[in-house]
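Before any comments, here is the structure.
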Amino acid sequence: MKKKLSLYPYLLTLPALVFITIVSLYPTLYSFYLSMTRSKKGIIEFVGLRNYSIILRSADFRQSLWLTIIFTVFYVLLTVIIAYILALMLNRGLKLTGVYMTIIFLPWVLSEITSGVVWRWMFYQDYGIIQNLLAPIFKGKALITTNWGAMAIVIAATTWRSISFGMLLLLAGLQTVPREIYEAASIDGSNGWNSFWKVTWPLVRPTTIVTTVFLTIQAINGVGMVLAITEGGPGRATEILGLHMYREAMQFYNFGYAAALSVVLLLINIVLAAFYLRALERENALAG
């Protein structure tokens, strides 16, 4: 009887484990296999580590990696800063907080493709709303057709969509800080900016690290917004790693090389996930 009871929880989770294995583990293992093959005239041949060797020598890969770093740094930095400001404001218990939360979360509710198409329309040469407003400053030149302008638009659009998510995580961290600590700090003469650095920041730092790592993982794997706004252009000016992999597979049908890129992205994600779990452990330890 005791043996049956000990096996009962595992039997309950078995269907979920089998499903996760089918939809997650198998595609991962197949990607490893596919990354060591090459399709030539419809025939798949095993080439070992050749695709990885091509990646290391590829100028397109290095450019995509560099663009990914630029995109990730600015996107994460802007998202965390703006989300922090909004979280601090809402944590004070403003009137109509529900209305503000609804407005802030509207971009997150929209799909990436929908949001991306709307942002692309706003920067069209002839009838883009924002483009017409900025035209006098940039002498009528369409920002989305310039390398730096296209990247700036992608970063701004992705930040706009992710602010609510970052704000929610940071607001949850802020609300775990007891009010008594602020009252004690106020008695000691700590107010405003000084109170933030000496009280709020040390206590919410683990949550901030978790949020930063989570946003970084999103940025590394992001494809939808960039694809909808610029499709990697002009040229390859916004072709980050995720989009580079997508184009190699879906446009050029270079599945072996694309699979090798996916393995590289997986390794990057494993490193980031390790940082995420470490930060999560610190946050849980602090909460305990």
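In the structure tokens, chains take the letters A, B, ... in the order shown, each chain's residues start at 1, and ligands count up from 1 in the order shown.
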Apply DSSP to the structure's backbone, then extract all residues of stretch 25-148 of chain A labelled strand (DSSP E or B) and return them as a VMD selection string. chain A and resid 37 to 40 43 to 46
Neighbouring residues of A:Asn91 were defined as those with any atom within 8 Å, considering only C-alpha atoms; residues of the same chain fewer than 6 positions away were excluded. Please report them as a PyMOL selection string. chain A and resi 171+174-175
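Taking atom CA of A:Phe214 as the reference point, atom CA of A:Tyr276 is found at 6.9 Å.
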A:Leu65 surroundings by only C-alpha atoms, 10 Å radius, close-in-sequence under 2 positions cut, as a PyMOL selection string: chain A and resi 59-63+67-71+220+239-242+244
Find the residue from A:Ser195, A:Thr158, A:Asn254, A:Ser39 that sits nearest to A:Leu215; use only C-alpha atoms when measuring.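 Among the listed residues, A:Thr158 lies closest to A:Leu215.
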Have a look at atom CA of A:Lys139 and atom CA of A:Thr238 and let me know their distance in Å, one decimal.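 The value is 22.9 Å.
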Any chance you could list, as an NGL selection string, the residues in stretch 157-281 of chain A that come up alpha helix (DSSP H) when DSSP is run on the backbone? :A and (157-174 or 179-187 or 192-195 or 201-221 or 224-229 or 241-250 or 255-281)
